[in-house]
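Chemist: If it helps, the file is called work_29.cif and holds mmCIF, C-alpha atoms and all ligand atoms; chains and numbers go by the auth columns:
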data_start
#
loop_
_atom_site.group_PDB
_atom_site.id
_atom_site.type_symbol
_atom_site.label_atom_id
_atom_site.label_comp_id
_atom_site.label_asym_id
_atom_site.label_seq_id
_atom_site.Cartn_x
_atom_site.Cartn_y
_atom_site.Cartn_z
_atom_site.B_iso_or_equiv
_atom_site.auth_seq_id
_atom_site.auth_asym_id
ATOM 1 C CA MET A 1 -42.269 -41.199 -50.318 0.00 90 O
ATOM 2 C CA GLU A 2 -40.575 -40.149 -47.124 0.00 91 O
ATOM 3 C CA LEU A 3 -37.522 -37.966 -47.537 0.00 92 O
ATOM 4 C CA LYS A 4 -34.562 -38.653 -45.263 0.00 93 O
ATOM 5 C CA THR A 5 -33.443 -35.530 -43.503 0.00 94 O
ATOM 6 C CA LYS A 6 -29.757 -35.024 -43.045 0.00 95 O
ATOM 7 C CA LYS A 7 -28.462 -34.805 -39.502 0.00 96 O
ATOM 8 C CA PRO A 8 -27.360 -31.253 -38.703 0.00 97 O
ATOM 9 C CA LEU A 9 -23.594 -30.904 -38.620 0.00 98 O
ATOM 10 C CA LYS A 10 -22.129 -30.318 -35.208 0.00 99 O
ATOM 11 C CA LYS A 11 -19.825 -27.409 -34.868 0.00 100 O
ATOM 12 C CA GLN A 12 -16.414 -28.581 -33.757 0.00 101 O
ATOM 13 C CA VAL A 13 -14.220 -26.153 -31.877 0.00 102 O
ATOM 14 C CA TYR A 14 -10.496 -26.911 -31.855 0.00 103 O
ATOM 15 C CA LEU A 15 -9.223 -26.277 -28.386 0.00 104 O
ATOM 16 C CA GLY A 16 -5.571 -27.089 -29.091 0.00 105 O
ATOM 17 C CA LYS A 17 -3.484 -29.909 -27.726 0.00 106 O
ATOM 18 C CA PRO A 18 -4.101 -30.366 -24.020 0.00 107 O
ATOM 19 C CA HIS A 19 -1.087 -29.548 -21.913 0.00 108 O
ATOM 20 C CA GLU A 20 0.730 -32.502 -20.475 0.00 109 O
ATOM 21 C CA PRO A 21 0.967 -32.227 -16.700 0.00 110 O
ATOM 22 C CA PRO A 22 4.508 -31.302 -15.661 0.00 111 O
ATOM 23 C CA PRO A 23 6.673 -34.239 -14.588 0.00 112 O
ATOM 24 C CA ALA A 24 6.815 -34.934 -10.855 0.00 113 O
ATOM 25 C CA GLU A 25 10.419 -33.771 -10.487 0.00 114 O
ATOM 26 C CA LEU A 26 9.561 -30.392 -12.028 0.00 115 O
ATOM 27 C CA MET A 27 6.456 -30.064 -9.852 0.00 116 O
ATOM 28 C CA ALA A 28 8.602 -30.692 -6.779 0.00 117 O
ATOM 29 C CA ILE A 29 10.752 -27.702 -7.770 0.00 118 O
ATOM 30 C CA LEU A 30 7.818 -25.457 -8.704 0.00 119 O
ATOM 31 C CA ASP A 31 5.837 -26.272 -5.573 0.00 120 O
ATOM 32 C CA LYS A 32 8.561 -24.699 -3.443 0.00 121 O
ATOM 33 C CA PHE A 33 8.128 -21.347 -5.181 0.00 122 O
ATOM 34 C CA ARG A 34 4.384 -20.952 -5.703 0.00 123 O
ATOM 35 C CA GLY A 35 3.294 -17.392 -5.011 0.00 124 O
ATOM 36 C CA ARG A 36 6.908 -16.168 -4.995 0.00 125 O
ATOM 37 C CA LYS A 37 7.032 -13.745 -7.906 0.00 126 O
ATOM 38 C CA ASP A 38 10.540 -12.697 -6.887 0.00 127 O
ATOM 39 C CA ALA A 39 11.996 -16.182 -7.200 0.00 128 O
ATOM 40 C CA LEU A 40 12.048 -16.737 -10.964 0.00 129 O
ATOM 41 C CA ILE A 41 15.855 -16.775 -11.242 0.00 130 O
ATOM 42 C CA THR A 42 16.130 -19.272 -8.383 0.00 131 O
ATOM 43 C CA VAL A 43 13.476 -21.476 -10.000 0.00 132 O
ATOM 44 C CA LEU A 44 15.398 -21.457 -13.291 0.00 133 O
ATOM 45 C CA GLU A 45 18.645 -22.235 -11.474 0.00 134 O
ATOM 46 C CA GLU A 46 17.041 -25.250 -9.825 0.00 135 O
ATOM 47 C CA ILE A 47 15.589 -26.472 -13.107 0.00 136 O
ATOM 48 C CA GLN A 48 18.982 -26.159 -14.777 0.00 137 O
ATOM 49 C CA HIS A 49 20.670 -27.898 -11.870 0.00 138 O
ATOM 50 C CA HIS A 50 18.233 -30.788 -12.231 0.00 139 O
ATOM 51 C CA TYR A 51 18.213 -31.183 -16.033 0.00 140 O
ATOM 52 C CA GLY A 52 21.645 -29.765 -16.834 0.00 141 O
ATOM 53 C CA TYR A 53 19.978 -27.106 -19.005 0.00 142 O
ATOM 54 C CA LEU A 54 16.597 -25.417 -19.462 0.00 143 O
ATOM 55 C CA PRO A 55 14.385 -27.610 -21.654 0.00 144 O
ATOM 56 C CA ARG A 56 11.767 -25.574 -23.523 0.00 145 O
ATOM 57 C CA GLN A 57 8.905 -27.778 -22.366 0.00 146 O
ATOM 58 C CA GLN A 58 9.843 -27.255 -18.721 0.00 147 O
ATOM 59 C CA LEU A 59 10.040 -23.487 -19.220 0.00 148 O
ATOM 60 C CA GLU A 60 6.549 -23.490 -20.682 0.00 149 O
ATOM 61 C CA ALA A 61 5.253 -25.558 -17.769 0.00 150 O
ATOM 62 C CA THR A 62 6.981 -23.180 -15.346 0.00 151 O
ATOM 63 C CA ALA A 63 5.280 -20.168 -16.896 0.00 152 O
ATOM 64 C CA ARG A 64 1.871 -21.890 -16.766 0.00 153 O
ATOM 65 C CA GLU A 65 2.196 -23.257 -13.254 0.00 154 O
ATOM 66 C CA LEU A 66 3.657 -20.168 -11.614 0.00 155 O
ATOM 67 C CA GLY A 67 1.601 -17.647 -13.587 0.00 156 O
ATOM 68 C CA PHE A 68 4.437 -15.851 -15.376 0.00 157 O
ATOM 69 C CA PRO A 69 4.065 -14.676 -18.977 0.00 158 O
ATOM 70 C CA MET A 70 6.240 -16.859 -21.210 0.00 159 O
ATOM 71 C CA SER A 71 8.005 -13.719 -22.463 0.00 160 O
ATOM 72 C CA GLN A 72 9.161 -12.970 -18.918 0.00 161 O
ATOM 73 C CA VAL A 73 10.484 -16.496 -18.359 0.00 162 O
ATOM 74 C CA PHE A 74 12.400 -16.395 -21.652 0.00 163 O
ATOM 75 C CA GLY A 75 13.517 -12.839 -21.004 0.00 164 O
ATOM 76 C CA VAL A 76 15.126 -13.784 -17.694 0.00 165 O
ATOM 77 C CA ALA A 77 16.561 -17.050 -19.014 0.00 166 O
ATOM 78 C CA THR A 78 18.226 -15.379 -21.985 0.00 167 O
ATOM 79 C CA PHE A 79 19.474 -12.356 -20.034 0.00 168 O
ATOM 80 C CA TYR A 80 21.788 -14.342 -17.757 0.00 169 O
ATOM 81 C CA ASN A 81 24.493 -16.271 -19.526 0.00 170 O
ATOM 82 C CA LEU A 82 24.623 -18.902 -16.801 0.00 171 O
ATOM 83 C CA PHE A 83 21.534 -20.472 -18.354 0.00 172 O
ATOM 84 C CA GLN A 84 21.804 -22.984 -21.177 0.00 173 O
ATOM 85 C CA PHE A 85 19.183 -24.042 -23.668 0.00 174 O
ATOM 86 C CA SER A 86 20.653 -27.241 -25.000 0.00 175 O
ATOM 87 C CA ALA A 87 21.694 -30.427 -23.257 0.00 176 O
ATOM 88 C CA PRO A 88 25.342 -30.328 -22.149 0.00 177 O
ATOM 89 C CA GLY A 89 27.828 -33.004 -23.095 0.00 178 O
ATOM 90 C CA ARG A 90 28.733 -35.840 -20.774 0.00 179 O
ATOM 91 C CA TYR A 91 31.678 -33.761 -19.564 0.00 180 O
ATOM 92 C CA GLN A 92 31.363 -30.034 -18.935 0.00 181 O
ATOM 93 C CA VAL A 93 34.841 -28.642 -19.420 0.00 182 O
ATOM 94 C CA ARG A 94 35.412 -25.227 -17.888 0.00 183 O
ATOM 95 C CA VAL A 95 38.630 -23.334 -18.406 0.00 184 O
ATOM 96 C CA CYS A 96 39.170 -20.693 -15.731 0.00 185 O
ATOM 97 C CA LYS A 97 39.576 -17.171 -17.025 0.00 186 O
ATOM 98 C CA GLY A 98 40.039 -15.520 -13.643 0.00 187 O
ATOM 99 C CA THR A 99 43.069 -13.255 -13.242 0.00 188 O
ATOM 100 C CA ALA A 100 45.537 -15.792 -11.814 0.00 189 O
ATOM 101 C CA CYS A 101 44.644 -18.376 -14.446 0.00 190 O
ATOM 102 C CA TYR A 102 44.613 -15.828 -17.223 0.00 191 O
ATOM 103 C CA VAL A 103 48.100 -14.669 -16.249 0.00 192 O
ATOM 104 C CA GLY A 104 49.066 -18.356 -16.284 0.00 193 O
ATOM 105 C CA HIS A 105 47.991 -18.538 -19.956 0.00 194 O
ATOM 106 C CA SER A 106 44.598 -20.186 -19.564 0.00 195 O
ATOM 107 C CA GLY A 107 43.668 -18.441 -22.819 0.00 196 O
ATOM 108 C CA GLU A 108 46.100 -20.732 -24.643 0.00 197 O
ATOM 109 C CA ILE A 109 44.498 -23.764 -23.024 0.00 198 O
ATOM 110 C CA LEU A 110 41.090 -22.619 -24.193 0.00 199 O
ATOM 111 C CA GLU A 111 42.291 -22.016 -27.754 0.00 200 O
ATOM 112 C CA HIS A 112 43.996 -25.407 -27.865 0.00 201 O
ATOM 113 C CA LEU A 113 40.878 -27.211 -26.688 0.00 202 O
ATOM 114 C CA LYS A 114 38.706 -25.296 -29.147 0.00 203 O
ATOM 115 C CA GLU A 115 40.968 -26.358 -31.980 0.00 204 O
ATOM 116 C CA LYS A 116 41.278 -29.994 -30.876 0.00 205 O
ATOM 117 C CA LEU A 117 37.569 -30.423 -30.143 0.00 206 O
ATOM 118 C CA GLY A 118 36.514 -28.477 -33.227 0.00 207 O
ATOM 119 C CA ILE A 119 34.011 -26.405 -31.269 0.00 208 O
ATOM 120 C CA ASP A 120 33.719 -22.893 -29.935 0.00 209 O
ATOM 121 C CA GLU A 121 33.075 -21.743 -26.394 0.00 210 O
ATOM 122 C CA ASP A 122 29.623 -22.781 -25.116 0.00 211 O
ATOM 123 C CA GLU A 123 29.321 -25.504 -27.734 0.00 212 O
ATOM 124 C CA THR A 124 29.093 -29.279 -27.455 0.00 213 O
ATOM 125 C CA THR A 125 30.979 -31.814 -29.560 0.00 214 O
ATOM 126 C CA PRO A 126 28.816 -33.729 -32.074 0.00 215 O
ATOM 127 C CA ASP A 127 29.322 -36.969 -30.072 0.00 216 O
ATOM 128 C CA LYS A 128 27.820 -35.163 -27.028 0.00 217 O
ATOM 129 C CA MET A 129 30.969 -35.919 -25.058 0.00 218 O
ATOM 130 C CA PHE A 130 32.287 -32.441 -24.213 0.00 219 O
ATOM 131 C CA THR A 131 30.798 -29.005 -23.662 0.00 220 O
ATOM 132 C CA LEU A 132 33.454 -26.306 -23.578 0.00 221 O
ATOM 133 C CA GLN A 133 32.971 -23.290 -21.348 0.00 222 O
ATOM 134 C CA THR A 134 34.887 -20.707 -19.408 0.00 223 O
ATOM 135 C CA VAL A 135 34.432 -19.741 -15.814 0.00 224 O
ATOM 136 C CA ALA A 136 35.535 -16.871 -13.612 0.00 225 O
ATOM 137 C CA CYS A 137 37.801 -17.681 -10.640 0.00 226 O
ATOM 138 C CA VAL A 138 36.870 -20.978 -8.998 0.00 227 O
ATOM 139 C CA GLY A 139 38.819 -20.201 -5.840 0.00 228 O
ATOM 140 C CA ALA A 140 41.861 -22.326 -6.613 0.00 229 O
ATOM 141 C CA CYS A 141 44.213 -19.531 -7.687 0.00 230 O
ATOM 142 C CA SER A 142 47.265 -21.105 -6.047 0.00 231 O
ATOM 143 C CA LEU A 143 46.835 -24.017 -8.478 0.00 232 O
ATOM 144 C CA ALA A 144 46.498 -21.786 -11.556 0.00 233 O
ATOM 145 C CA PRO A 145 45.879 -22.290 -14.349 0.00 234 O
ATOM 146 C CA VAL A 146 43.036 -24.693 -13.649 0.00 235 O
ATOM 147 C CA MET A 147 40.486 -26.589 -15.675 0.00 236 O
ATOM 148 C CA VAL A 148 37.293 -27.953 -14.119 0.00 237 O
ATOM 149 C CA VAL A 149 35.671 -31.023 -15.662 0.00 238 O
ATOM 150 C CA ASN A 150 32.243 -31.586 -14.142 0.00 239 O
ATOM 151 C CA ASP A 151 33.103 -31.186 -10.445 0.00 240 O
ATOM 152 C CA ARG A 152 36.757 -32.085 -10.669 0.00 241 O
ATOM 153 C CA THR A 153 39.440 -29.400 -10.698 0.00 242 O
ATOM 154 C CA SER A 154 42.771 -30.093 -12.376 0.00 243 O
ATOM 155 C CA ALA A 155 45.745 -27.949 -11.354 0.00 244 O
ATOM 156 C CA ARG A 156 48.585 -26.328 -13.281 0.00 245 O
ATOM 157 C CA MET A 157 47.278 -27.124 -16.684 0.00 246 O
ATOM 158 C CA THR A 158 49.050 -26.641 -19.960 0.00 247 O
ATOM 159 C CA PRO A 159 47.329 -26.900 -23.341 0.00 248 O
ATOM 160 C CA GLU A 160 48.802 -30.389 -23.847 0.00 249 O
ATOM 161 C CA LYS A 161 47.940 -31.647 -20.346 0.00 250 O
ATOM 162 C CA ALA A 162 44.377 -30.380 -20.700 0.00 251 O
ATOM 163 C CA TRP A 163 43.924 -32.129 -24.031 0.00 252 O
ATOM 164 C CA ASP A 164 45.489 -35.372 -22.697 0.00 253 O
ATOM 165 C CA ALA A 165 43.000 -35.317 -19.816 0.00 254 O
ATOM 166 C CA LEU A 166 40.074 -35.012 -22.235 0.00 255 O
ATOM 167 C CA GLU A 167 41.408 -37.750 -24.477 0.00 256 O
ATOM 168 C CA HIS A 168 41.602 -40.072 -21.489 0.00 257 O
ATOM 169 C CA LEU A 169 38.046 -39.260 -20.491 0.00 258 O
ATOM 170 C CA ARG A 170 36.803 -39.953 -24.005 0.00 259 O
ATOM 171 C CA ALA A 171 38.691 -43.249 -24.150 0.00 260 O
ATOM 172 C CA GLU A 172 37.307 -44.278 -20.767 0.00 261 O
ATOM 173 C CA ALA A 173 33.783 -43.346 -21.793 0.00 262 O
ATOM 174 C CA ASN A 174 34.150 -45.354 -24.992 0.00 263 O
ATOM 175 C CA GLY A 175 35.025 -48.369 -22.904 0.00 264 O
ATOM 176 C CA ASN A 176 38.721 -48.662 -23.599 0.00 265 O
ATOM 177 C CA GLY A 177 41.599 -47.333 -21.609 0.00 266 O
ATOM 178 C CA GLU A 178 43.619 -46.806 -24.791 0.00 267 O
ATOM 179 C CA VAL A 179 43.905 -43.301 -26.074 0.00 268 O
ATOM 180 C CA SER A 180 43.874 -43.196 -29.872 0.00 269 O
ATOM 181 C CA ARG A 181 46.203 -40.575 -31.324 0.00 270 O
HETATM 182 S S1 LIG B . 41.756 -17.305 -11.198 0.00 301 O
HETATM 183 FE FE1 LIG B . 41.450 -19.354 -11.761 0.00 301 O
HETATM 184 S S2 LIG B . 41.090 -20.258 -9.858 0.00 301 O
HETATM 185 FE FE2 LIG B . 41.293 -18.192 -9.341 0.00 301 O
#
Any chance you could give the structure as structure tokens?

Modeler:
Amino acid sequence: MELKTKKPLKKQVYLGKPHEPPPAELMAILDKFRGRKDALITVLEEIQHHYGYLPRQQLEATARELGFPMSQVFGVATFYNLFQFSAPGRYQVRVCKGTACYVGHSGEILEHLKEKLGIDEDETTPDKMFTLQTVACVGACSLAPVMVVNDRTSARMTPEKAWDALEHLRAEANGNGEVSR
């Protein structure tokens, strides 16, 4: 009787998940800086400008594409506090803490907004509506104290006026002009 021989088992080597190619918009940024080892901060600034923050996947792709160790990319990104690692809210609210605004009690505005929004500085509300931050002088000292929401600067703020402005934005975003109190 003929014996059936078993087929030899093939050795399988796990090579890990293949890397997804970076999205076109990221490639467009990276392509401008290939071979520029001195431009890492500028690259990260451009990525943040595009996405609103530094998504982890895009940082990994940046390290791979531009030939930086991942530790260096993270090291630079975490060293400078201008970089953010989570998606900002729909409205980025920045209270100016420059001298003129500070003298004009911008600290009270910040505290009031923290309390009303229930978040701390550099945090985002659970509904992803507001991210609260501070900023050094924005060059509008004669209008102090100021609050900047996305690109719009509001002059001579008080804690109440600042909160009213945010309530209106939330109401508008929720599709009704009415502000619920
Ligand atoms: S100090 Fe706030 S705008 Fe200059």

Chemist: Work out how far apart atom CA of O:Glu200 and atom CA of O:Pro248 are and give it in Å to one decimal.

Modeler: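 The value is 8.3 Å.
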
Chemist: Mind telling me what the PyMOL selection byres (((chain O and resi 215-220) around 10) and not hetatm) catches here, as a PyMOL selection string?

Modeler: chain O and resi 176-183+206-214+221-222+238-239+255+258-259+262-263

Chemist: Write out the residues from the selection above, keeping C-alpha atoms, as a PDB file, in the frame of the given file.

Modeler:
ATOM      1  CA  ALA O 176      21.694 -30.427 -23.257  1.00  0.00           C
ATOM      2  CA  PRO O 177      25.342 -30.328 -22.149  1.00  0.00           C
ATOM      3  CA  GLY O 178      27.828 -33.004 -23.095  1.00  0.00           C
ATOM      4  CA  ARG O 179      28.733 -35.840 -20.774  1.00  0.00           C
ATOM      5  CA  TYR O 180      31.678 -33.761 -19.564  1.00  0.00           C
ATOM      6  CA  GLN O 181      31.363 -30.034 -18.935  1.00  0.00           C
ATOM      7  CA  VAL O 182      34.841 -28.642 -19.420  1.00  0.00           C
ATOM      8  CA  ARG O 183      35.412 -25.227 -17.888  1.00  0.00           C
ATOM      9  CA  LEU O 206      37.569 -30.423 -30.143  1.00  0.00           C
ATOM     10  CA  GLY O 207      36.514 -28.477 -33.227  1.00  0.00           C
ATOM     11  CA  ILE O 208      34.011 -26.405 -31.269  1.00  0.00           C
ATOM     12  CA  ASP O 209      33.719 -22.893 -29.935  1.00  0.00           C
ATOM     13  CA  GLU O 210      33.075 -21.743 -26.394  1.00  0.00           C
ATOM     14  CA  ASP O 211      29.623 -22.781 -25.116  1.00  0.00           C
ATOM     15  CA  GLU O 212      29.321 -25.504 -27.734  1.00  0.00           C
ATOM     16  CA  THR O 213      29.093 -29.279 -27.455  1.00  0.00           C
ATOM     17  CA  THR O 214      30.979 -31.814 -29.560  1.00  0.00           C
ATOM     18  CA  LEU O 221      33.454 -26.306 -23.578  1.00  0.00           C
ATOM     19  CA  GLN O 222      32.971 -23.290 -21.348  1.00  0.00           C
ATOM     20  CA  VAL O 238      35.671 -31.023 -15.662  1.00  0.00           C
ATOM     21  CA  ASN O 239      32.243 -31.586 -14.142  1.00  0.00           C
ATOM     22  CA  LEU O 255      40.074 -35.012 -22.235  1.00  0.00           C
ATOM     23  CA  LEU O 258      38.046 -39.260 -20.491  1.00  0.00           C
ATOM     24  CA  ARG O 259      36.803 -39.953 -24.005  1.00  0.00           C
ATOM     25  CA  ALA O 262      33.783 -43.346 -21.793  1.00  0.00           C
ATOM     26  CA  ASN O 263      34.150 -45.354 -24.992  1.00  0.00           C
TER      27      ASN O 263
END

Chemist: Take the PyMOL selection byres (((not hetatm)) within 12 of (chain O and resi 301)), apply it to the structure above, and return the hits as an MDAnalysis selection string.

Modeler: chainID O and resid 183:196 223:237 242:246

Chemist: Quick check, in Å to one decimal: how far apart do atom CA of O:Arg153 and atom CA of O:Lys121 lie?

Modeler: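 One can read the atom CA of O:Arg153 to atom CA of O:Lys121 distance as 15.2 Å.
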
Chemist: Using all atoms listed in the file, collect all residues at a distance of at most 6 Å from (41.8, -26.6, -24.3) as written in the file, then present them as a count of residues only.

Modeler: 9

Chemist: Do you know which residues are at most 8 Å from stretch 165-167 of chain O counting all atoms listed in the file, after dropping those on the same chain fewer than 3 positions away, and could you put them as a tab-separated table (two decimals) with C-alpha atoms, in the frame of the given file?

Modeler:
chain	number	residue	atom	x	y	z
O	129	LEU	CA	12.05	-16.74	-10.96
O	130	ILE	CA	15.86	-16.77	-11.24
O	133	LEU	CA	15.40	-21.46	-13.29
O	161	GLN	CA	9.16	-12.97	-18.92
O	162	VAL	CA	10.48	-16.50	-18.36
O	170	ASN	CA	24.49	-16.27	-19.53
O	172	PHE	CA	21.53	-20.47	-18.35

Chemist: Selection in question (the file shown): the PyMOL selection byres (((chain O and resi 155) around 8) and not hetatm). Which residues does it include, as JSON, numbers by chain?

Modeler: {"O": [119, 122, 123, 124, 151, 152, 153, 154, 156, 157]}

Chemist: Any idea what the distance is between atom CA of O:Gly141 and atom CA of O:Gln173?

Modeler: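 Separating atom CA of O:Gly141 from atom CA of O:Gln173 is a distance of 8.1 Å.
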
Chemist: As AutoDock Vina command-line options, please report the centre and edge lengths, rounded to one decimal in Å, of the axis-aligned box that holds all listed atoms of stretch 200-212 of chain O with 6 Å of padding on each of the six sides.

Modeler:
--center_x 36.7 --center_y -26.1 --center_z -29.2 --size_x 26.7 --size_y 20.7 --size_z 20.1
